[in-house]
Amino acid sequence: MSSAAPRTAEPDHLWSVDEHLDDILATVRPLEPIELNLLDAQGCVLVEDITVPVSLPPFDNSSMDGYAVRVTDVAGASEQYPASLEVVGDVAAGAADLLHVGPGQAARIMTGAPLPPGAETVVPVEWTDGGLGQGPAAGMRARSLAPEGAAGHVEVYRPAPARAHVRAAGSDVRAGDRALDAGTVLGPPQISLLAAIGRGTVRVRPRPRVVVLSTGSELAQPDEPLGPGQIYDSNSFALTAAARDAGAIAYRVGAVADDATTLRDTIEDQLVRADLMVTTGGVSVGAYDVVKEALSHAGDEDEPGSGVEFRKLAMQPGKPQGFGSIGPDHTPLLALPGNPVSSYVSFELFVRPAIRTLMGLRDVHRPRVRAELRAERAIGSPKGRRQFLRGRYADGTVTPVGGAGSHLVAALAQANALLVVPEDIEDVAPGTEVEVVLLG
């Protein structure tokens, strides 16, 4: 993987949110393009403009089940004075040898079938007797059950103007048109279009593979009984889901105990399937902060430019952060704090943009809007820190959800936005316009 080396700073340097993010985005590089089959390319980003090789539809075809006729033969037709036409056969979708429709004739035609030579318009079967002579028909009988329906006569009860119920060749897109632009994320509609114009493969940047692991001897897996002093591991589930939501192929690794050797071995084992590594927990200043212990000197003489730097950021929550690269391919690694809210906010601010950069997207950030603060009292914020509070955004207003504690998972589940309080503001009164990061 191609990546630049992250910046380094003095040990006591307090990084701003923007400095840390800029360093990440300057280091992470988009993945190299590959050719993929259409379904394998879902969620990937195009690296080339796609030009239409053949018009859609490629020929004039019927949009209805009915009868292909000449306009003059049905002019003035009514239920009282129907036009009686000779049925010369069927035109089914995929038909190659087309019938010729002459004066006083009709061809029974199916939806998607080519408009036969001589025909100028299509009369829906409901405007006819279906060849049964029993008044307006509700539909056609299956050919296998009534092959005689392709012959005989049909009575038409309504006129039809030229090219009624006819889908013109090139009415969707024309040969030579731009179908999709480079940078487009391929979803189901885009894959449908590619298939429709005959593309079986496409050149894209692959979805990045993100490995997520949490650390902490206190962590138990959901559905297991809790031992003394244990809590359930929610971070690895939250971040794996968030990585998939961002567009990545994400792999969750079970929680790793507070042992530096075990953590280093686990990370080394996982590098084979990682374009990006994300850890959570163990990055602060405690005696058991194992990620910091294991990765502070991850680089060596054989891997110049690798290594993980642990930083303090002027933000709340999420002050302790780690960033760097590891392994022979200099795989980027982001080490996030362990408190659930700190971890999730850090993911949204730093990891998600990194994933979107790996994908090759032009806009890697969540949308931001201005909104009026709805709150019962003023919000306090620590001086010199950029605070990110959980909130509910609706109709141009934002309401804080829960308190400022970085452990409040239930409040996080109710939030759809992050309310941003800048570093130079210590008090935000109700009614103030604030910046809001929209999460979904």
# chains A, B, ... in the order shown; residues from 1 in each chain; ligands from 1

call {"tool": "residues_around", "arguments": {"residues": "range 17-32 of chain A", "least_positions_apart": "3", "cutoff": "10 Å", "atoms": "only C-alpha atoms", "output": "ChimeraX atom specification"}}
result
/A:1-8,14,47,204-208,275-276,311-315,318-319,321-325,331-334,346,349-351,353-361,364,385-386

call {"tool": "residues_around", "arguments": {"residues": "range 186-190 of chain A", "least_positions_apart": "4", "cutoff": "8 Å", "atoms": "only C-alpha atoms", "output": "ChimeraX atom specification"}}
result
/A:41-46,180,194

call {"tool": "residues_around", "arguments": {"residues": "Ser343 in chain A", "least_positions_apart": "3", "cutoff": "12 Å", "atoms": "only C-alpha atoms", "output": "MDAnalysis selection string"}}
result
chainID A and resid 212:214 234:240 242 278:283 316:322 334:340 346:351 406:409 412

call {"tool": "atom_distance", "arguments": {"atom1": "CA of Arg368 in chain A", "atom2": "CA of Ile249 in chain A"}}
result
25.6 Å

call {"tool": "closest_residue", "arguments": {"among": "A:Met64, A:Ala142, A:Ala151, A:Ala168", "to": "Pro124 in chain A", "atoms": "only C-alpha atoms"}}
result
A:Met64

call {"tool": "closest_residue", "arguments": {"among": "A:Gly254, A:Asp40, A:Gly440, A:Asp97", "to": "Pro222 in chain A", "atoms": "only C-alpha atoms"}}
result
A:Gly254

call {"tool": "residues_around", "arguments": {"residues": "Pro114 in chain A", "least_positions_apart": "2", "cutoff": "6 Å", "atoms": "only C-alpha atoms", "output": "list of chain:residue names"}}
result
A:Asp60, A:Asn61, A:Pro116

call {"tool": "residues_around", "arguments": {"residues": "Gly198 in chain A", "least_positions_apart": "4", "cutoff": "12 Å", "atoms": "only C-alpha atoms", "output": "list in words"}}
result
Leu38, Ile50, Thr51, Val52, Pro53, Val54, Ser55, Leu56, Pro58, Ala175, Ala179, Ile191, Ser192, Leu193, Leu194 and Val202 of chain A

call {"tool": "select_by_dssp", "arguments": {"residues": "range 14-191 of chain A", "states": "strand (DSSP E)", "output": "NGL selection string"}}
result
:A and (14-15 or 34-37 or 45-46 or 50-51 or 61-62 or 66-69 or 83-91 or 105-109 or 121-124 or 153-156 or 166-167 or 178-180)

call {"tool": "residues_around", "arguments": {"residues": "Glu86 in chain A", "least_positions_apart": "5", "cutoff": "10 Å", "atoms": "only C-alpha atoms", "output": "PyMOL selection string"}}
result
chain A and resi 101-107+131+150-155

call {"tool": "closest_residue", "arguments": {"among": "A:Ser62, A:Thr72, A:Gln80, A:Ser16", "to": "Ala92 in chain A", "atoms": "only C-alpha atoms"}}
result
A:Ser62

call {"tool": "closest_residue", "arguments": {"among": "A:Ala195, A:Ala169, A:Val272, A:Ile109", "to": "Arg143 in chain A", "atoms": "only C-alpha atoms"}}
result
A:Ile109

call {"tool": "residues_around", "arguments": {"residues": "Val437 in chain A", "least_positions_apart": "6", "cutoff": "8 Å", "atoms": "only C-alpha atoms", "output": "number ranges by chain"}}
result
A: 366-369, 417-420

call {"tool": "write_last_selection", "arguments": {"atoms": "N, CA, C and O atoms", "output": "CSV table (one decimal), in the first residue's frame"}}
result
chain,number,residue,atom,x,y,z
A,366,ARG,N,-18.7,14.0,6.6
A,366,ARG,CA,-20.1,14.1,6.9
A,366,ARG,C,-20.6,15.5,6.5
A,366,ARG,O,-19.8,16.5,6.7
A,367,PRO,N,-21.8,15.7,6.1
A,367,PRO,CA,-22.4,17.0,5.9
A,367,PRO,C,-22.5,17.8,7.2
A,367,PRO,O,-22.8,17.2,8.3
A,368,ARG,N,-22.3,19.1,7.1
A,368,ARG,CA,-22.4,20.0,8.3
A,368,ARG,C,-23.4,21.1,8.0
A,368,ARG,O,-23.5,21.6,6.8
A,369,VAL,N,-24.2,21.5,9.0
A,369,VAL,CA,-25.2,22.5,8.8
A,369,VAL,C,-25.1,23.4,10.0
A,369,VAL,O,-24.5,23.1,11.0
A,417,ALA,N,-26.8,13.5,15.4
A,417,ALA,CA,-25.9,14.6,15.0
A,417,ALA,C,-24.9,14.8,16.1
A,417,ALA,O,-25.1,14.4,17.2
A,418,LEU,N,-23.8,15.5,15.8
A,418,LEU,CA,-22.8,16.0,16.8
A,418,LEU,C,-22.9,17.5,16.8
A,418,LEU,O,-22.8,18.2,15.7
A,419,LEU,N,-23.1,18.1,17.9
A,419,LEU,CA,-23.2,19.5,18.1
A,419,LEU,C,-21.7,20.0,18.5
A,419,LEU,O,-21.1,19.5,19.4
A,420,VAL,N,-21.2,20.9,17.7
A,420,VAL,CA,-19.8,21.3,17.8
A,420,VAL,C,-19.7,22.7,18.5
A,420,VAL,O,-20.3,23.7,18.1

call {"tool": "atom_distance", "arguments": {"atom1": "CA of Ala93 in chain A", "atom2": "CA of Val173 in chain A"}}
result
20.1 Å

call {"tool": "select_by_dssp", "arguments": {"residues": "range 124-347 of chain A", "states": "alpha helix (DSSP H)", "output": "ChimeraX atom specification"}}
result
/A:188-196,235-246,260-270,290-295,340-346

call {"tool": "closest_residue", "arguments": {"among": "A:Leu439, A:Arg108, A:Glu48, A:Gly200", "to": "Asp245 in chain A", "atoms": "only C-alpha atoms"}}
result
A:Leu439

call {"tool": "closest_residue", "arguments": {"among": "A:Pro422, A:Val341, A:Ala246, A:Ala138", "to": "Ala410 in chain A", "atoms": "only C-alpha atoms"}}
result
A:Val341

call {"tool": "atom_distance", "arguments": {"atom1": "CA of Asp269 in chain A", "atom2": "CA of Val290 in chain A"}}
result
17.3 Å
